[in-house]
>>> print(open('structure.txt').read())   # compact mmCIF, C-alpha atoms
# COMPACT_ATOMS: atom_id res chain seq x y z
CA MET J 1406 124.11 88.17 89.10
CA GLU J 1407 123.51 85.09 86.96
CA THR J 1408 125.59 82.04 87.74
CA PHE J 1409 127.52 80.17 85.06
CA ALA J 1410 124.89 77.40 85.16
CA GLN J 1411 122.06 79.91 84.60
CA ARG J 1412 123.88 81.62 81.73
CA TYR J 1413 124.64 78.28 80.15
CA LYS J 1414 121.04 77.11 80.45
CA SER J 1415 119.93 80.34 78.76
CA LEU J 1416 122.38 79.63 75.92
CA GLN J 1417 120.87 76.17 75.45
CA LEU J 1418 117.35 77.60 75.47
CA SER J 1419 118.31 80.23 72.90
CA SER J 1420 119.03 77.43 70.43
CA LEU J 1421 115.48 76.04 70.61
CA ASN J 1422 114.08 77.85 67.57
CA LEU J 1423 117.18 77.11 65.50
CA ILE J 1424 117.00 73.38 66.31
CA LYS J 1425 113.29 73.43 65.59
CA SER J 1426 113.97 74.81 62.09
CA TYR J 1427 116.02 71.67 61.31
CA THR J 1428 113.42 69.31 62.73
CA CYS J 1429 110.12 68.07 61.29
CA MET J 1430 107.17 65.95 62.27
CA LEU J 1431 106.52 62.81 60.28
CA LEU J 1432 102.77 62.37 60.16
CA THR J 1433 100.50 59.53 59.11
CA GLU J 1434 96.72 59.38 58.64
CA PRO J 1435 96.14 62.78 56.93
CA SER J 1436 92.62 63.13 58.30
CA LYS J 1437 93.86 62.78 61.90
CA TYR J 1438 97.37 64.27 61.63
CA LYS J 1439 98.87 61.48 63.74
CA VAL J 1440 102.51 62.03 64.70
CA TYR J 1441 104.41 58.87 63.87
CA GLY J 1442 107.98 60.11 64.24
CA THR J 1443 110.43 63.00 63.99
CA GLY J 1444 113.08 63.78 61.39
CA VAL J 1445 116.15 66.01 60.98
CA PHE J 1446 117.28 67.75 57.76
CA ILE J 1447 120.95 67.69 56.70
CA GLN J 1448 122.75 69.10 53.66
CA ILE J 1449 126.14 67.75 52.52
CA GLN J 1450 127.52 69.59 49.49
CA ASP J 1451 124.55 69.85 47.09
CA HIS J 1452 122.80 66.77 48.51
CA TYR J 1453 119.82 67.07 50.86
CA PHE J 1454 118.84 64.41 53.39
CA LEU J 1455 116.08 63.58 55.83
CA ILE J 1456 117.29 61.46 58.75
CA SER J 1457 115.12 59.49 61.15
CA ALA J 1458 114.89 56.13 62.89
CA ALA J 1459 114.75 53.03 60.68
CA HIS J 1460 111.60 51.82 62.43
CA VAL J 1461 109.97 55.13 61.42
CA PHE J 1462 111.21 54.72 57.84
CA ASP J 1463 109.66 51.25 57.77
CA LYS J 1464 106.53 53.25 56.89
CA TYR J 1465 108.23 55.29 54.18
CA GLY J 1466 105.62 56.08 51.55
CA GLU J 1467 102.91 56.47 54.19
CA PHE J 1468 104.17 59.50 56.09
CA PHE J 1469 104.16 63.16 55.11
CA ILE J 1470 105.66 66.42 56.39
CA PRO J 1471 103.73 69.59 57.29
CA LEU J 1472 104.91 72.72 55.47
CA SER J 1473 102.69 75.33 57.05
CA LYS J 1474 99.95 75.94 59.59
CA ASP J 1475 97.47 75.97 56.73
CA TYR J 1476 97.49 72.17 56.43
CA GLU J 1477 99.97 72.30 53.54
CA ILE J 1478 101.79 68.97 53.46
CA ILE J 1479 104.31 67.12 51.30
CA LYS J 1480 105.12 63.45 50.85
CA PRO J 1481 108.93 63.38 50.57
CA GLY J 1482 110.54 61.44 47.75
CA GLY J 1483 114.02 60.27 46.94
CA THR J 1484 116.47 57.42 47.53
CA VAL J 1485 116.10 55.56 50.83
CA TYR J 1486 118.70 53.71 52.85
CA ASN J 1487 117.01 51.95 55.75
CA HIS J 1488 119.07 49.84 58.12
CA ASN J 1489 117.96 46.24 57.68
CA ALA J 1490 117.07 44.24 60.79
CA THR J 1491 114.92 41.15 61.32
CA ASN J 1492 113.97 42.38 64.78
CA ARG J 1493 113.68 46.14 65.30
CA ASP J 1494 113.58 45.62 69.09
CA LYS J 1495 117.17 44.37 68.90
CA ASP J 1496 118.37 46.82 66.25
CA ILE J 1497 121.07 48.95 67.89
CA ILE J 1498 121.58 50.99 64.67
CA ASP J 1499 117.94 51.77 63.79
CA ILE J 1500 118.77 54.55 61.31
CA GLY J 1501 117.02 55.56 58.10
CA VAL J 1502 118.40 58.05 55.55
CA LEU J 1503 116.38 59.57 52.71
CA LYS J 1504 118.34 61.37 50.00
CA LEU J 1505 115.68 63.86 48.94
CA ASP J 1506 114.84 64.34 45.28
CA ASN J 1507 114.95 67.68 43.46
CA GLN J 1508 111.16 67.91 43.33
CA CYS J 1509 110.57 68.17 47.07
CA VAL J 1510 113.68 70.06 48.22
CA PRO J 1511 112.50 73.56 47.09
CA HIS J 1512 109.21 73.09 48.95
CA LEU J 1513 110.98 71.98 52.13
CA LEU J 1514 113.40 74.91 51.97
CA ARG J 1515 110.45 77.29 52.25
CA SER J 1516 109.67 75.95 55.73
CA TYR J 1517 112.85 74.34 57.09
CA ASN J 1518 116.60 74.82 57.32
CA PHE J 1519 119.19 72.14 56.58
CA LEU J 1520 122.18 71.47 58.82
CA GLN J 1521 125.55 71.94 57.14
CA ALA J 1522 128.52 69.59 57.37
CA ASP J 1523 130.24 71.59 60.11
CA ASP J 1524 127.08 71.34 62.25
CA LEU J 1525 127.61 67.56 62.53
CA ALA J 1526 129.66 66.53 65.56
CA ILE J 1527 131.46 63.51 64.17
CA ASN J 1528 134.15 62.05 66.46
CA HIS J 1529 132.40 63.72 69.40
CA ILE J 1530 133.51 62.70 72.89
CA PHE J 1531 130.39 62.65 75.07
CA GLN J 1532 130.69 64.36 78.42
CA CYS J 1533 128.70 63.23 81.44
CA GLU J 1534 127.25 66.69 81.95
CA GLU J 1535 123.93 68.28 81.06
CA TYR J 1536 125.43 69.82 77.93
CA TYR J 1537 122.92 68.07 75.68
CA THR J 1538 119.33 68.53 74.59
CA PHE J 1539 116.90 66.69 72.39
CA LEU J 1540 113.90 68.15 70.59
CA GLY J 1541 111.08 66.16 69.06
CA TYR J 1542 107.35 65.89 68.60
CA PRO J 1543 105.68 63.57 71.13
CA SER J 1544 102.38 62.15 69.88
CA THR J 1545 100.60 63.26 73.04
CA THR J 1546 101.44 66.93 72.47
CA SER J 1547 100.33 67.02 68.82
CA LYS J 1548 96.63 66.76 68.05
CA ILE J 1549 93.55 68.32 66.50
CA LEU J 1550 92.08 70.63 69.11
CA TYR J 1551 88.75 69.49 70.53
CA LYS J 1552 85.70 70.66 68.54
CA THR J 1553 87.89 72.49 66.00
CA ASP J 1554 89.83 71.69 62.85
CA ILE J 1555 92.96 73.31 64.27
CA PHE J 1556 96.09 71.15 64.42
CA ASP J 1557 98.14 72.04 67.50
CA SER J 1558 101.65 70.72 68.02
CA THR J 1559 104.16 71.41 70.75
CA THR J 1560 107.82 70.55 70.51
CA PHE J 1561 109.45 68.92 73.51
CA PHE J 1562 112.90 70.31 74.37
CA HIS J 1563 114.68 68.30 77.05
CA PHE J 1564 117.98 68.78 78.89
CA THR J 1565 119.84 65.50 79.25
CA THR J 1566 123.09 63.89 80.40
CA PRO J 1567 124.88 60.96 78.69
CA GLU J 1568 125.73 57.81 80.64
CA ARG J 1569 129.32 56.87 81.37
CA ASN J 1570 130.84 54.45 78.84
CA GLU J 1571 131.36 51.74 81.44
CA ASN J 1572 127.58 51.50 81.96
CA TYR J 1573 126.70 50.80 78.31
CA SER J 1574 126.90 47.01 78.63
CA THR J 1575 123.99 47.27 81.09
CA PHE J 1576 121.84 48.56 78.23
CA ASN J 1577 123.26 46.19 75.60
CA ARG J 1578 124.65 49.11 73.66
CA ASN J 1579 128.06 50.06 72.26
CA PRO J 1580 129.37 53.57 73.03
CA ALA J 1581 131.18 53.62 69.67
CA VAL J 1582 127.76 53.34 67.99
CA ASN J 1583 125.19 54.56 70.51
CA VAL J 1584 124.59 57.19 73.13
CA VAL J 1585 122.47 56.56 76.22
CA THR J 1586 121.05 59.66 77.89
CA SER J 1587 118.83 60.48 80.85
CA TYR J 1588 115.13 61.26 80.78
CA ASN J 1589 113.81 62.78 84.00
CA LYS J 1590 110.10 62.88 83.19
CA LYS J 1591 109.22 64.55 86.50
CA LEU J 1592 111.67 67.38 85.92
CA SER J 1593 111.25 68.33 82.28
CA PHE J 1594 111.31 71.77 80.71
CA LEU J 1595 107.90 72.73 79.34
CA HIS J 1596 108.82 75.56 77.02
CA LYS J 1597 105.23 76.54 76.24
CA LYS J 1598 104.80 77.34 79.95
CA ASN J 1599 108.45 78.37 80.41
CA MET J 1600 108.75 76.22 83.52
CA PHE J 1601 109.81 72.78 84.68
CA GLY J 1602 107.19 70.11 85.31
CA THR J 1603 106.11 66.62 84.29
CA GLY J 1604 107.13 65.77 80.76
CA PRO J 1605 105.23 63.71 78.18
CA ASP J 1606 105.57 60.12 77.11
CA LEU J 1607 108.15 60.08 74.34
CA HIS J 1608 106.24 58.17 71.66
CA GLY J 1609 106.73 60.13 68.44
CA ILE J 1610 110.20 61.56 69.11
CA SER J 1611 112.01 58.66 67.42
CA GLY J 1612 114.27 60.24 64.82
CA CYS J 1613 114.85 63.52 66.64
CA GLY J 1614 118.33 64.97 67.19
CA LEU J 1615 120.58 65.01 70.24
CA TRP J 1616 122.35 68.37 70.33
CA PHE J 1617 125.54 69.52 72.06
CA THR J 1618 125.91 73.13 73.15
CA ASP J 1619 129.56 73.91 73.82
CA PRO J 1620 129.99 75.86 77.11
CA LEU J 1621 132.81 77.76 75.40
CA ASP J 1622 130.15 79.39 73.21
CA LEU J 1623 129.23 81.50 76.23
CA SER J 1624 132.33 83.61 75.64
CA THR J 1625 131.41 84.34 72.03
CA GLY J 1626 127.62 84.41 72.31
CA ILE J 1627 127.43 82.17 69.25
CA ILE J 1628 124.34 79.99 69.07
CA LYS J 1629 125.60 76.93 67.24
CA PRO J 1630 124.32 73.60 68.60
CA LYS J 1631 125.98 70.53 67.08
CA LEU J 1632 124.11 67.38 66.09
CA THR J 1633 125.70 64.42 67.90
CA ALA J 1634 123.12 61.64 67.43
CA ILE J 1635 119.66 60.64 66.28
CA MET J 1636 117.45 59.37 69.11
CA THR J 1637 115.78 56.06 68.34
CA ASP J 1638 114.58 54.31 71.49
CA TRP J 1639 112.75 54.96 74.76
CA PRO J 1640 113.11 51.51 76.34
CA ILE J 1641 110.03 49.90 77.84
CA LYS J 1642 112.15 48.34 80.58
CA ASN J 1643 113.78 51.62 81.57
CA ARG J 1644 111.79 54.81 80.98
CA ALA J 1645 114.49 56.89 82.72
CA ILE J 1646 116.74 56.74 79.64
CA THR J 1647 116.64 57.36 75.91
CA ILE J 1648 118.98 55.78 73.39
CA GLY J 1649 120.36 57.20 70.18
CA THR J 1650 122.74 56.38 67.34
CA ARG J 1651 125.84 58.51 66.84
CA ILE J 1652 125.94 60.94 63.94
CA ASP J 1653 129.10 59.08 62.79
CA VAL J 1654 126.90 56.13 61.83
CA ILE J 1655 124.75 58.40 59.64
CA THR J 1656 127.71 60.10 57.95
CA GLU J 1657 129.32 56.70 57.27
CA ILE J 1658 126.06 55.47 55.71
CA ILE J 1659 125.90 58.60 53.55
CA ARG J 1660 129.57 58.29 52.62
CA LYS J 1661 129.59 54.58 51.78
CA TYR J 1662 126.10 53.51 50.73
CA LEU J 1663 124.94 56.72 49.07
CA GLY J 1664 128.34 57.53 47.54
CA ILE J 1665 128.78 61.04 48.95
CA ASP J 1666 132.27 62.38 49.63
CA PHE J 1667 132.59 63.16 53.35
CA PRO J 1668 135.41 62.82 55.92
CA GLU J 1669 135.60 59.38 57.52
CA SER J 1670 134.75 58.93 61.18
CA LYS J 1671 137.69 58.06 63.44
CA ILE J 1672 135.34 56.24 65.82
CA LEU J 1673 133.78 53.71 63.46
CA ARG J 1674 133.59 52.67 59.84
CA ALA J 1675 130.68 51.29 57.84
CA LYS J 1676 131.21 47.67 56.81
>>> encode(input="structure.txt", output="structure tokens")
Amino acid sequence: METFAQRYKSLQLSSLNLIKSYTCMLLTEPSKYKVYGTGVFIQIQDHYFLISAAHVFDKYGEFFIPLSKDYEIIKPGGTVYNHNATNRDKDIIDIGVLKLDNQCVPHLLRSYNFLQADDLAINHIFQCEEYYTFLGYPSTTSKILYKTDIFDSTTFFHFTTPERNENYSTFNRNPAVNVVTSYNKKLSFLHKKNMFGTGPDLHGISGCGLWFTDPLDLSTGIIKPKLTAIMTDWPIKNRAITIGTRIDVITEIIRKYLGIDFPESKILRAK
């Protein structure tokens, strides 16, 4: 008989394809298909957004999104809010928001899904349990296959645990703004092989989502992961962690700077 832990892990794994449908690669250098970052699609009312890290959006205008395996691509357009910082290495927000224009949205909807407002876990209280996963596109797992013109890309789906709030000062982060989670490279889930092994370097996953799977969903069988944060940093000084920015920061940016009606966060407020 399966244990609770095994059943719960299966529930998390069952969300992989759904999460993948909300997530895209952000590519540069069309001839080489170089993965520069990852993005997540969100819809609020009749507005469509692409969310990523600000340091990824620093190259807005240079990156494009794949639409199909047949090398169909699109360069997204719209209104950009990119968090301003003189030093990205010290930018604890590091969030970029693109309000997509009406020209590119229909093309994106053919290949991707958009998260709805109730999929966003604002005011989320992080639990120090492995109830969280992130999914992105590491540069090292996305490449043109040797001696072919075939572009091969593998998502990386990792189980992770948030740090306790009292430890955040160690990382120079604020738990009201950020989330710090574990990265056990030597014990990572390799979904293409359906086994645990050594994971990749995380270059390229900046802008991916951190997802919460509620253990209570086991009783209903509902597969409904919630977006809690956008992951922005894999610190050079500590490769055993990843750092993200709470979804509350993104919804406050959308609410205040892009003028979209949305419930205010109870955890923070945009200045």
>>> residues_around(input="structure.txt", residues="Glu1657 in chain J", least_positions_apart="3", cutoff="9 Å", atoms="only C-alpha atoms", output="PyMOL selection string")
chain J and resi 1652-1654+1660-1662+1667-1670+1673-1675
>>> closest_residue(input="structure.txt", among="J:Arg1644, J:His1460, J:Lys1591, J:Arg1651", to="Ile1527 in chain J", atoms="all atoms listed in the file")
J:Arg1651
>>> closest_residue(input="structure.txt", among="J:Val1461, J:Ile1424, J:Ile1635, J:Leu1513", to="Glu1477 in chain J", atoms="all atoms listed in the file")
J:Leu1513
>>> atom_distance(input="structure.txt", atom1="CA of Ser1558 in chain J", atom2="CA of Asp1619 in chain J")
28.7 Å
>>> atom_distance(input="structure.txt", atom1="CA of Thr1484 in chain J", atom2="CA of Lys1504 in chain J")
5.0 Å
>>> atom_distance(input="structure.txt", atom1="CA of Lys1464 in chain J", atom2="CA of Gly1483 in chain J")
14.3 Å
>>> closest_residue(input="structure.txt", among="J:Ile1498, J:Ala1634, J:Ile1658, J:Val1510", to="Lys1480 in chain J", atoms="only C-alpha atoms")
J:Val1510
>>> residues_around(input="structure.txt", residues="Ile1659 in chain J", least_positions_apart="5", cutoff="8 Å", atoms="all atoms listed in the file", output="PyMOL selection string")
chain J and resi 1502+1664-1665
>>> residues_around(input="structure.txt", residues="range 1622-1628 of chain J", least_positions_apart="4", cutoff="12 Å", atoms="all atoms listed in the file", output="JSON, numbers by chain")
{"J": [1409, 1410, 1411, 1412, 1413, 1414, 1415, 1416, 1417, 1418, 1419, 1420, 1421, 1422, 1423, 1424, 1524, 1536, 1616, 1617, 1618]}
>>> closest_residue(input="structure.txt", among="J:Cys1509, J:Ile1610, J:Leu1595, J:Ile1479", to="Thr1428 in chain J", atoms="only C-alpha atoms")
J:Ile1610
>>> closest_residue(input="structure.txt", among="J:Asp1506, J:Asp1638, J:Glu1568, J:Glu1434", to="Glu1535 in chain J", atoms="only C-alpha atoms")
J:Glu1568
>>> closest_residue(input="structure.txt", among="J:Phe1519, J:Tyr1542, J:Phe1561, J:Phe1601", to="Asp1451 in chain J", atoms="all atoms listed in the file")
J:Phe1519
>>> residues_near_point(input="structure.txt", point="(129.0, 69.0, 48.9)", cutoff="10 Å", atoms="only C-alpha atoms", output="ChimeraX atom specification")
/J:1448-1453,1521-1522,1665-1667
>>> closest_atom_pairs(input="structure.txt", of="range 1596-1627 of chain J", to="range 1562-1567 of chain J", cutoff="12 Å", atoms="only C-alpha atoms", output="CSV")
residue,atom,partner,partner_atom,distance
J:His1596,CA,J:Phe1562,CA,7.2
J:Lys1597,CA,J:Phe1562,CA,10.1
J:Asn1599,CA,J:Phe1562,CA,11.0
J:Met1600,CA,J:Phe1562,CA,11.7
J:Phe1601,CA,J:His1563,CA,10.1
J:Gly1602,CA,J:His1563,CA,11.3
J:Thr1603,CA,J:His1563,CA,11.3
J:Gly1604,CA,J:His1563,CA,8.8
J:Pro1605,CA,J:His1563,CA,10.6
J:Leu1607,CA,J:His1563,CA,10.8
J:Ile1610,CA,J:Phe1562,CA,10.6
J:Cys1613,CA,J:Phe1562,CA,10.5
J:Gly1614,CA,J:Phe1562,CA,10.5
J:Leu1615,CA,J:Thr1565,CA,9.1
J:Trp1616,CA,J:Phe1564,CA,9.6
J:Phe1617,CA,J:Thr1565,CA,10.0
J:Thr1618,CA,J:Phe1564,CA,10.7
>>> decode(input="structure.txt", residues="range 1420-1444 of chain J", atoms="N, CA and C atoms", output="mmCIF file, in the first residue's frame")
data_model
loop_
_atom_site.group_PDB
_atom_site.id
_atom_site.type_symbol
_atom_site.label_atom_id
_atom_site.label_comp_id
_atom_site.auth_asym_id
_atom_site.auth_seq_id
_atom_site.Cartn_x
_atom_site.Cartn_y
_atom_site.Cartn_z
ATOM 1 N N SER J 1420 1.047 17.147 -11.656
ATOM 2 C CA SER J 1420 0.855 18.540 -12.054
ATOM 3 C C SER J 1420 1.899 19.009 -13.056
ATOM 4 N N LEU J 1421 2.883 18.171 -13.367
ATOM 5 C CA LEU J 1421 4.009 18.586 -14.206
ATOM 6 C C LEU J 1421 3.548 19.142 -15.555
ATOM 7 N N ASN J 1422 2.717 18.410 -16.252
ATOM 8 C CA ASN J 1422 2.293 18.861 -17.589
ATOM 9 C C ASN J 1422 1.453 20.127 -17.530
ATOM 10 N N LEU J 1423 0.641 20.267 -16.471
ATOM 11 C CA LEU J 1423 -0.163 21.468 -16.325
ATOM 12 C C LEU J 1423 0.738 22.685 -16.097
ATOM 13 N N ILE J 1424 1.699 22.549 -15.186
ATOM 14 C CA ILE J 1424 2.642 23.641 -14.920
ATOM 15 C C ILE J 1424 3.425 23.983 -16.179
ATOM 16 N N LYS J 1425 3.815 22.959 -16.899
ATOM 17 C CA LYS J 1425 4.577 23.171 -18.141
ATOM 18 C C LYS J 1425 3.777 23.995 -19.143
ATOM 19 N N SER J 1426 2.452 23.826 -19.161
ATOM 20 C CA SER J 1426 1.623 24.555 -20.127
ATOM 21 C C SER J 1426 1.557 26.050 -19.818
ATOM 22 N N TYR J 1427 1.890 26.432 -18.575
ATOM 23 C CA TYR J 1427 1.916 27.847 -18.190
ATOM 24 C C TYR J 1427 3.304 28.462 -18.332
ATOM 25 N N THR J 1428 4.270 27.656 -18.695
ATOM 26 C CA THR J 1428 5.682 28.051 -18.615
ATOM 27 C C THR J 1428 6.323 28.026 -19.993
ATOM 28 N N CYS J 1429 7.148 29.038 -20.280
ATOM 29 C CA CYS J 1429 7.805 29.077 -21.590
ATOM 30 C C CYS J 1429 9.298 29.336 -21.452
ATOM 31 N N MET J 1430 10.022 28.930 -22.470
ATOM 32 C CA MET J 1430 11.426 29.308 -22.611
ATOM 33 C C MET J 1430 11.503 30.702 -23.194
ATOM 34 N N LEU J 1431 12.490 31.441 -22.784
ATOM 35 C CA LEU J 1431 12.819 32.718 -23.409
ATOM 36 C C LEU J 1431 14.179 32.538 -24.059
ATOM 37 N N LEU J 1432 14.187 32.576 -25.383
ATOM 38 C CA LEU J 1432 15.366 32.219 -26.161
ATOM 39 C C LEU J 1432 15.996 33.452 -26.801
ATOM 40 N N THR J 1433 17.304 33.412 -26.925
ATOM 41 C CA THR J 1433 18.034 34.419 -27.691
ATOM 42 C C THR J 1433 18.841 33.701 -28.769
ATOM 43 N N GLU J 1434 19.425 34.472 -29.670
ATOM 44 C CA GLU J 1434 20.251 33.916 -30.753
ATOM 45 C C GLU J 1434 19.463 32.869 -31.551
ATOM 46 N N PRO J 1435 18.560 33.300 -32.424
ATOM 47 C CA PRO J 1435 17.682 32.383 -33.168
ATOM 48 C C PRO J 1435 18.401 31.234 -33.858
ATOM 49 N N SER J 1436 19.608 31.477 -34.348
ATOM 50 C CA SER J 1436 20.312 30.406 -35.063
ATOM 51 C C SER J 1436 20.803 29.311 -34.131
ATOM 52 N N LYS J 1437 20.956 29.648 -32.832
ATOM 53 C CA LYS J 1437 21.479 28.672 -31.869
ATOM 54 C C LYS J 1437 20.440 28.222 -30.850
ATOM 55 N N TYR J 1438 19.302 28.903 -30.804
ATOM 56 C CA TYR J 1438 18.252 28.592 -29.833
ATOM 57 C C TYR J 1438 18.824 28.522 -28.408
ATOM 58 N N LYS J 1439 19.464 29.605 -27.985
ATOM 59 C CA LYS J 1439 20.055 29.655 -26.658
ATOM 60 C C LYS J 1439 19.011 30.048 -25.626
ATOM 61 N N VAL J 1440 18.852 29.217 -24.591
ATOM 62 C CA VAL J 1440 17.912 29.514 -23.517
ATOM 63 C C VAL J 1440 18.515 30.589 -22.619
ATOM 64 N N TYR J 1441 17.805 31.706 -22.523
ATOM 65 C CA TYR J 1441 18.297 32.812 -21.712
ATOM 66 C C TYR J 1441 17.541 32.907 -20.392
ATOM 67 N N GLY J 1442 16.294 32.462 -20.386
ATOM 68 C CA GLY J 1442 15.484 32.525 -19.173
ATOM 69 C C GLY J 1442 14.182 31.763 -19.356
ATOM 70 N N THR J 1443 13.348 31.835 -18.330
ATOM 71 C CA THR J 1443 12.057 31.149 -18.309
ATOM 72 C C THR J 1443 10.993 32.188 -17.973
ATOM 73 N N GLY J 1444 9.768 31.957 -18.431
ATOM 74 C CA GLY J 1444 8.670 32.871 -18.123
ATOM 75 C C GLY J 1444 7.404 32.116 -17.776
#
